[in-house]
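Everything on this sheet refers to the single structure shown next.
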Amino acid sequence: MSHSFTPPFSLLPASLPVFPLPGAVVMPGCQLPLNIFEPRYLNMVFDALGADRMIGMVQPDPSMTDEDTDALSRTGTAGRITSFSETQDGRLIIVLTGVCRFDVGEELAGTRGYRRVTARWERFAVDYETDAGKHEECHRLYSLLRAYFVRKSMEVDDLLMEKMPVTSLVNLMIGQLPFETAERQALVEAVSLGERLESLARLIEFKLAEPQIQSAARRH
C-alpha cells in the first residue's frame, strides 16, 4: 500500500459510510467501477469527496432472512474514490481502489439517507504488507485458473498472470470471477494470503467439478 494518497494504517478512519451491494467486492489494491444514481448514494459520494474519499463496500449478509433484509456481512473492504465523473443525466461514475478490509462494528445514526458503521481494522493490518513473493500454492492456482478460463472460453495471458504479484492476482480473482455472494464473502474474510489462496483454489476446483457432480446427480 505505497500509493502516496493512501492513508497509513494508523490513520484509517474510525467510521465509514457503507454501500451494501451483493457481489460487489473491491479487494485491497484492486479497482471497482460503480454507477451511482440513487439520491442517498449520490449524497454519500459527495460527502466522501469532501472528506477522506473512503467508502466501505460490504455485501449484504448472504444468510439473511426476509425479515432481516438490512443485515450486513461481518467484513467489508474500504475503498478510496480515485476517480469520478458526472453524467448529463445526473449520475456519477466513480472508481474505488481497495485500501484495507475491516470488520463491521456498530451501526451509527444515518446521515443524508445512507448508512455508516464503525470500522474495526485490527485483523487486517496484513493488507498493508508488501507482497512476499511466490507462495508454494501458486503453481496449483495457475493451473486451476487456466483450466477454468478454458472451460469458460475466456482468453488469458499466461505470462502476464504469472508475472503478477500473487497477492494482486488472488485479490483480483476474488473480485472478478463469477462467484456466489456467500462464496465471495468467505474469500473476503480469509485474513492471510495463504488462507485466501487455498480457499480460492478449492473453490475453483469445485467449480471445475460441478458439471460432473450435476451429471452424476441426474443419473441417480
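Residue names in the C-alpha cells use chain letters A, B, ... in the order shown, residue numbers from 1 in each chain, and ligand numbers from 1 in the order shown.
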Would you give me, as a Markdown table, each residue of segment 146-216 of chain A having an atom within 6 Å of an atom of segment 15-35 of chain A, along with its shortest atom pair and that distance in Å to one decimal, using only C-alpha atoms and sorting by chain and residue number?
| residue | atom | partner | partner_atom | distance |
| --- | --- | --- | --- | --- |
| A:Asn171 | CA | A:Met27 | CA | 5.5 |
| A:Gly175 | CA | A:Val25 | CA | 5.3 |
| A:Thr181 | CA | A:Gly23 | CA | 5.4 |
Q.
Quick check, in Å to one decimal: how far apart do atom CA of Tyr142 of chain A and atom CA of Asp127 of chain A lie?
A. 22.1 Å
Q. Quick one: residues within 9 Å of Ala182 of chain A, only C-alpha atoms counted, chain neighbours fewer than 5 positions away excluded, as an NGL selection string?
A. :A and (23 or 61-63 or 187)
Q: List every residue of segment 34-195 of chain A that DSSP, applied to the backbone, labels as alpha helix (DSSP H), and write the result as number ranges by chain.
A: A: 39-49, 138-151, 158-163, 166-176, 181-189, 193-195
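Near segment 151-160 of chain A, within a cut-off of 10 Å and counting only C-alpha atoms, sit the residues A:Tyr142, A:Ser143, A:Leu145, A:Arg146, A:Lys207, A:Leu208, with same-chain residues fewer than 5 positions away left out.
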Write the residues of the preceding selection, restricted to C-alpha atoms, as a tab-separated table (two decimals), in the first residue's frame.
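Writing the result to selection20.tsv gives the following:
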chain	number	residue	atom	x	y	z
A	142	TYR	CA	-2.15	-21.00	-12.12
A	143	SER	CA	-3.09	-24.48	-13.37
A	145	LEU	CA	-7.15	-20.78	-13.42
A	146	ARG	CA	-6.00	-21.92	-16.87
A	207	LYS	CA	-16.45	-25.06	-9.97
A	208	LEU	CA	-14.49	-27.25	-12.40
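Comparing the minimum interatomic distances between Phe102 of chain A and each of A:Arg196, A:Arg120, A:Lys163, A:Arg115, counting only C-alpha atoms, we find that A:Arg120 sits nearest.
Considering only C-alpha atoms, the residue among A:Arg74, A:Arg202, A:Arg80, A:Arg91 positioned nearest to Leu49 of chain A is A:Arg80.
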Q | Among the residues A:Ser192, A:Thr118, A:Ser199, A:Gln88, the one that comes closest to Ile174 of chain A [using only C-alpha atoms] | A |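 Using only C-alpha atoms, Ile174 of chain A sits closest to A:Ser199.
Using only C-alpha atoms, the smallest distance between any of A:Glu180, A:Glu106, A:Glu162, A:Ala78 and Arg140 of chain A comes from A:Glu162.
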Q: Check the smallest atom-to-atom distance from each of A:Tyr114, A:Phe149, A:Phe37, A:Trp121 to Thr87 of chain A using only C-alpha atoms, then report the winner.
A: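 Closest to Thr87 of chain A, using only C-alpha atoms: A:Phe37.
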**Q.** Backbone DSSP call of strand (DSSP E or B) for segment 22-88 of chain A, listed as a ChimeraX atom specification
**A.** /A:31-36,54-58,60,72,75-86
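Here the question is which of A:Val150, A:Leu96, A:Leu72, A:Cys138 gets nearest to Leu197 of chain A using only C-alpha atoms, and that residue is A:Cys138.
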Q | Close residues, Arg101 of chain A itself excluded, 6 Å, only C-alpha atoms, min 5 positions apart in chain, as number ranges by chain | A | A: 76-78, 124
Selection from above, all heavy atoms, as a short mmCIF file (atom, residue, chain, number, x, y, z; two decimals), in the first residue's frame, can you write it?
data_model
loop_
_atom_site.label_atom_id
_atom_site.label_comp_id
_atom_site.auth_asym_id
_atom_site.auth_seq_id
_atom_site.Cartn_x
_atom_site.Cartn_y
_atom_site.Cartn_z
N GLY A 76 -16.03 -6.14 5.34
CA GLY A 76 -16.05 -5.48 4.04
C GLY A 76 -14.67 -4.93 3.72
O GLY A 76 -13.70 -5.23 4.41
N THR A 77 -14.60 -4.13 2.66
CA THR A 77 -13.33 -3.50 2.29
C THR A 77 -13.55 -2.01 2.09
O THR A 77 -14.51 -1.60 1.43
CB THR A 77 -12.75 -4.09 1.00
OG1 THR A 77 -12.66 -5.50 1.11
CG2 THR A 77 -11.37 -3.53 0.72
N ALA A 78 -12.67 -1.22 2.66
CA ALA A 78 -12.71 0.22 2.43
C ALA A 78 -12.03 0.52 1.10
O ALA A 78 -10.92 0.05 0.84
CB ALA A 78 -12.00 0.96 3.56
N PHE A 124 -6.76 -6.79 9.98
CA PHE A 124 -6.36 -6.71 8.57
C PHE A 124 -5.15 -5.82 8.32
O PHE A 124 -4.97 -5.30 7.20
CB PHE A 124 -7.56 -6.28 7.73
CG PHE A 124 -8.70 -7.25 7.81
CD1 PHE A 124 -9.84 -6.96 8.55
CD2 PHE A 124 -8.61 -8.49 7.20
CE1 PHE A 124 -10.88 -7.87 8.65
CE2 PHE A 124 -9.64 -9.41 7.30
CZ PHE A 124 -10.78 -9.10 8.02
#
